[in-house]
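Down below is the structure, laid out as structure tokens.
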Amino acid sequence: MNDLGDAHMRTWSLRFMTLLAAGLEDQLAWLGEQAVEAGDAVEEVLLLCRVWEGLVERGVGEPGTLPDAEAIVRRLGEIGDAPRTGLWADELGTEPVWGEVRTLARQFLLTELGDWRRPLPPARG
């Protein structure tokens, strides 16, 4: 990947991780009326973590973030075989895994940026 591509992917990754780290009310407000399937959200988070690993390998991300990204993958992998037919917004407050992902995302951002409290990315239209 070129420098511009890496910079774009780093920005995308940090924005998505910021959404994962946000409080439940902020996450739900960001989702609004969007009907995002929980299974799609899991796939996107797993992609995020794979992309981040590549960025770290190319020196674009902090290596200390990898344990948190790997822990997110492991935790989501434990539920990955379960049928994911519901909406992500419905699961955010009821499935303990999302609270654990929130904690790991916060630690990730602390390591990468020094603070997990960041503005949420622009809402999807």
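Numbering starts fresh at 1 for the residues of each chain in the structure tokens, the chains themselves are lettered A, B, ... in the order given, and ligands are numbered from 1 as they appear.
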
- request: Write down as an NGL selection string the residues of range 58-113 of chain A whose backbone DSSP state falls under alpha helix (DSSP H).
  value: :A and (66-79 or 88-92 or 96-113)

task: For range 104-121 of chain A, list every protein, DNA or RNA residue within 8 Å, evaluated using only C-alpha atoms, and leave out those in the same chain fewer than 5 positions away; present the list as an NGL selection string.
output: :A and (14-22 or 30 or 61-62 or 64-65 or 68-69 or 71-72)

Those same residues - C-alpha atoms - I'd like them written as a PDB file, in the first residue's frame.
```pdb
ATOM      1  CA  LEU A  14      -9.240   4.905  14.173  1.00  0.00           C
ATOM      2  CA  ARG A  15     -12.704   6.256  13.389  1.00  0.00           C
ATOM      3  CA  PHE A  16     -14.221   2.796  13.570  1.00  0.00           C
ATOM      4  CA  MET A  17     -12.326   2.004  16.777  1.00  0.00           C
ATOM      5  CA  THR A  18     -13.632   5.300  18.188  1.00  0.00           C
ATOM      6  CA  LEU A  19     -17.178   4.145  17.476  1.00  0.00           C
ATOM      7  CA  LEU A  20     -16.469   0.818  19.194  1.00  0.00           C
ATOM      8  CA  ALA A  21     -15.024   2.633  22.222  1.00  0.00           C
ATOM      9  CA  ALA A  22     -17.919   5.076  22.575  1.00  0.00           C
ATOM     10  CA  TRP A  30     -24.673   7.248  15.881  1.00  0.00           C
ATOM     11  CA  GLY A  61       0.375   2.005  13.824  1.00  0.00           C
ATOM     12  CA  GLU A  62       1.659   1.474  17.341  1.00  0.00           C
ATOM     13  CA  GLY A  64       1.395  -1.978  21.431  1.00  0.00           C
ATOM     14  CA  THR A  65      -2.146  -1.887  20.027  1.00  0.00           C
ATOM     15  CA  ASP A  68      -6.018  -5.308  22.093  1.00  0.00           C
ATOM     16  CA  ALA A  69      -6.889  -5.870  18.431  1.00  0.00           C
ATOM     17  CA  ALA A  71      -8.220  -9.786  21.947  1.00  0.00           C
ATOM     18  CA  ILE A  72     -11.140  -8.247  20.050  1.00  0.00           C
TER      19      ILE A  72
END
```

task: Could you tell me which of A:Ala38, A:Val45, A:Val51, A:Ala123 comes closest to Asp26 in chain A if we count only C-alpha atoms?
output: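 The shortest atom-to-atom distance to Asp26 in chain A comes from A:Ala123.
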
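You will find CA of Gln34 in chain A at 22.8 Å from CA of Glu100 in chain A.
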
Surrounding residues of Met9 in chain A excluding itself and chain neighbours under 3 positions, 9 Å, only C-alpha atoms, as an MDAnalysis selection string: chainID A and resid 4:6 12:14 51:52 55

Would you save the residues of that selection, restricted to all heavy atoms, as a PDB file, in the first residue's frame?
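See result23.pdb below for the written result:
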```pdb
ATOM      1  N   LEU A   4      -0.486   7.289   0.958  1.00  0.00           N
ATOM      2  CA  LEU A   4      -1.830   7.847   0.983  1.00  0.00           C
ATOM      3  C   LEU A   4      -2.854   6.780   1.365  1.00  0.00           C
ATOM      4  O   LEU A   4      -3.752   7.038   2.166  1.00  0.00           O
ATOM      5  CB  LEU A   4      -2.183   8.463  -0.373  1.00  0.00           C
ATOM      6  CG  LEU A   4      -3.545   9.155  -0.465  1.00  0.00           C
ATOM      7  CD1 LEU A   4      -3.656  10.280   0.567  1.00  0.00           C
ATOM      8  CD2 LEU A   4      -3.756   9.694  -1.871  1.00  0.00           C
ATOM      9  N   GLY A   5      -2.708   5.580   0.823  1.00  0.00           N
ATOM     10  CA  GLY A   5      -3.607   4.484   1.165  1.00  0.00           C
ATOM     11  C   GLY A   5      -3.489   4.108   2.628  1.00  0.00           C
ATOM     12  O   GLY A   5      -4.498   3.872   3.302  1.00  0.00           O
ATOM     13  N   ASP A   6      -2.274   4.057   3.144  1.00  0.00           N
ATOM     14  CA  ASP A   6      -2.069   3.743   4.560  1.00  0.00           C
ATOM     15  C   ASP A   6      -2.663   4.823   5.451  1.00  0.00           C
ATOM     16  O   ASP A   6      -3.288   4.522   6.469  1.00  0.00           O
ATOM     17  CB  ASP A   6      -0.582   3.575   4.879  1.00  0.00           C
ATOM     18  CG  ASP A   6      -0.043   2.208   4.488  1.00  0.00           C
ATOM     19  OD1 ASP A   6      -0.842   1.313   4.143  1.00  0.00           O
ATOM     20  OD2 ASP A   6       1.192   2.034   4.545  1.00  0.00           O
ATOM     21  N   TRP A  12      -9.584   5.556   8.769  1.00  0.00           N
ATOM     22  CA  TRP A  12     -10.786   4.709   8.815  1.00  0.00           C
ATOM     23  C   TRP A  12     -10.753   3.819  10.048  1.00  0.00           C
ATOM     24  O   TRP A  12     -11.746   3.719  10.774  1.00  0.00           O
ATOM     25  CB  TRP A  12     -10.884   3.863   7.548  1.00  0.00           C
ATOM     26  CG  TRP A  12     -11.977   2.841   7.601  1.00  0.00           C
ATOM     27  CD1 TRP A  12     -13.300   3.061   7.353  1.00  0.00           C
ATOM     28  CD2 TRP A  12     -11.835   1.462   7.936  1.00  0.00           C
ATOM     29  NE1 TRP A  12     -14.001   1.883   7.521  1.00  0.00           N
ATOM     30  CE2 TRP A  12     -13.124   0.891   7.873  1.00  0.00           C
ATOM     31  CE3 TRP A  12     -10.754   0.653   8.277  1.00  0.00           C
ATOM     32  CZ2 TRP A  12     -13.356  -0.461   8.145  1.00  0.00           C
ATOM     33  CZ3 TRP A  12     -10.998  -0.688   8.552  1.00  0.00           C
ATOM     34  CH2 TRP A  12     -12.276  -1.232   8.483  1.00  0.00           C
ATOM     35  N   SER A  13      -9.620   3.202  10.305  1.00  0.00           N
ATOM     36  CA  SER A  13      -9.490   2.284  11.442  1.00  0.00           C
ATOM     37  C   SER A  13      -9.710   3.005  12.766  1.00  0.00           C
ATOM     38  O   SER A  13     -10.426   2.509  13.650  1.00  0.00           O
ATOM     39  CB  SER A  13      -8.103   1.632  11.439  1.00  0.00           C
ATOM     40  OG  SER A  13      -7.917   0.865  10.272  1.00  0.00           O
ATOM     41  N   LEU A  14      -9.100   4.159  12.911  1.00  0.00           N
ATOM     42  CA  LEU A  14      -9.240   4.905  14.173  1.00  0.00           C
ATOM     43  C   LEU A  14     -10.665   5.430  14.359  1.00  0.00           C
ATOM     44  O   LEU A  14     -11.177   5.458  15.482  1.00  0.00           O
ATOM     45  CB  LEU A  14      -8.210   6.029  14.236  1.00  0.00           C
ATOM     46  CG  LEU A  14      -6.756   5.552  14.333  1.00  0.00           C
ATOM     47  CD1 LEU A  14      -5.805   6.739  14.261  1.00  0.00           C
ATOM     48  CD2 LEU A  14      -6.527   4.732  15.589  1.00  0.00           C
ATOM     49  N   VAL A  51      -6.901  -5.234   9.011  1.00  0.00           N
ATOM     50  CA  VAL A  51      -6.301  -4.055   8.368  1.00  0.00           C
ATOM     51  C   VAL A  51      -5.283  -3.418   9.304  1.00  0.00           C
ATOM     52  O   VAL A  51      -4.180  -3.057   8.899  1.00  0.00           O
ATOM     53  CB  VAL A  51      -7.398  -3.045   7.957  1.00  0.00           C
ATOM     54  CG1 VAL A  51      -6.806  -1.690   7.617  1.00  0.00           C
ATOM     55  CG2 VAL A  51      -8.215  -3.581   6.795  1.00  0.00           C
ATOM     56  N   TRP A  52      -5.646  -3.290  10.577  1.00  0.00           N
ATOM     57  CA  TRP A  52      -4.754  -2.657  11.543  1.00  0.00           C
ATOM     58  C   TRP A  52      -3.445  -3.435  11.675  1.00  0.00           C
ATOM     59  O   TRP A  52      -2.364  -2.842  11.750  1.00  0.00           O
ATOM     60  CB  TRP A  52      -5.428  -2.500  12.904  1.00  0.00           C
ATOM     61  CG  TRP A  52      -4.573  -1.663  13.794  1.00  0.00           C
ATOM     62  CD1 TRP A  52      -3.761  -2.093  14.794  1.00  0.00           C
ATOM     63  CD2 TRP A  52      -4.393  -0.250  13.719  1.00  0.00           C
ATOM     64  NE1 TRP A  52      -3.092  -1.026  15.342  1.00  0.00           N
ATOM     65  CE2 TRP A  52      -3.463   0.113  14.697  1.00  0.00           C
ATOM     66  CE3 TRP A  52      -4.939   0.737  12.901  1.00  0.00           C
ATOM     67  CZ2 TRP A  52      -3.069   1.431  14.894  1.00  0.00           C
ATOM     68  CZ3 TRP A  52      -4.542   2.051  13.103  1.00  0.00           C
ATOM     69  CH2 TRP A  52      -3.618   2.376  14.096  1.00  0.00           C
ATOM     70  N   LEU A  55      -1.256  -2.431   8.943  1.00  0.00           N
ATOM     71  CA  LEU A  55      -0.731  -1.084   9.156  1.00  0.00           C
ATOM     72  C   LEU A  55       0.426  -1.093  10.148  1.00  0.00           C
ATOM     73  O   LEU A  55       1.443  -0.427   9.934  1.00  0.00           O
ATOM     74  CB  LEU A  55      -1.844  -0.151   9.642  1.00  0.00           C
ATOM     75  CG  LEU A  55      -2.928   0.193   8.622  1.00  0.00           C
ATOM     76  CD1 LEU A  55      -4.070   0.946   9.284  1.00  0.00           C
ATOM     77  CD2 LEU A  55      -2.351   0.983   7.456  1.00  0.00           C
TER      78      LEU A  55
END
```

task: For each of A:Ala29, A:Leu46, A:Val60, A:Leu24, take the minimum atom-to-atom distance to Thr11 in chain A, counting only C-alpha atoms, then give the residue where this is smallest.
output: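 Ranking A:Ala29, A:Leu46, A:Val60, A:Leu24 by distance to Thr11 in chain A, first place goes to A:Val60.
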
statement: A straight line from CA of Gly39 in chain A to CA of Gly54 in chain A spans 23.1 Å

query: Restricting the calculation to only C-alpha atoms, which member of A:Ala7, A:Ala35, A:Leu48, A:Gly23 is positioned closest to Asp90 in chain A?
result: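 Closest candidate: A:Ala35.
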
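Between Val101 in chain A and the candidates A:Pro122, A:Pro63, A:Cys49, A:His8, the tightest atom-to-atom separation, counting only C-alpha atoms, involves A:Cys49.
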
Which of A:Arg10, A:Val36, A:Leu31, A:Gly77 sits closest to Glu53 in chain A [using only C-alpha atoms]: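 That would be A:Arg10, the residue with the smallest distance to Glu53 in chain A.
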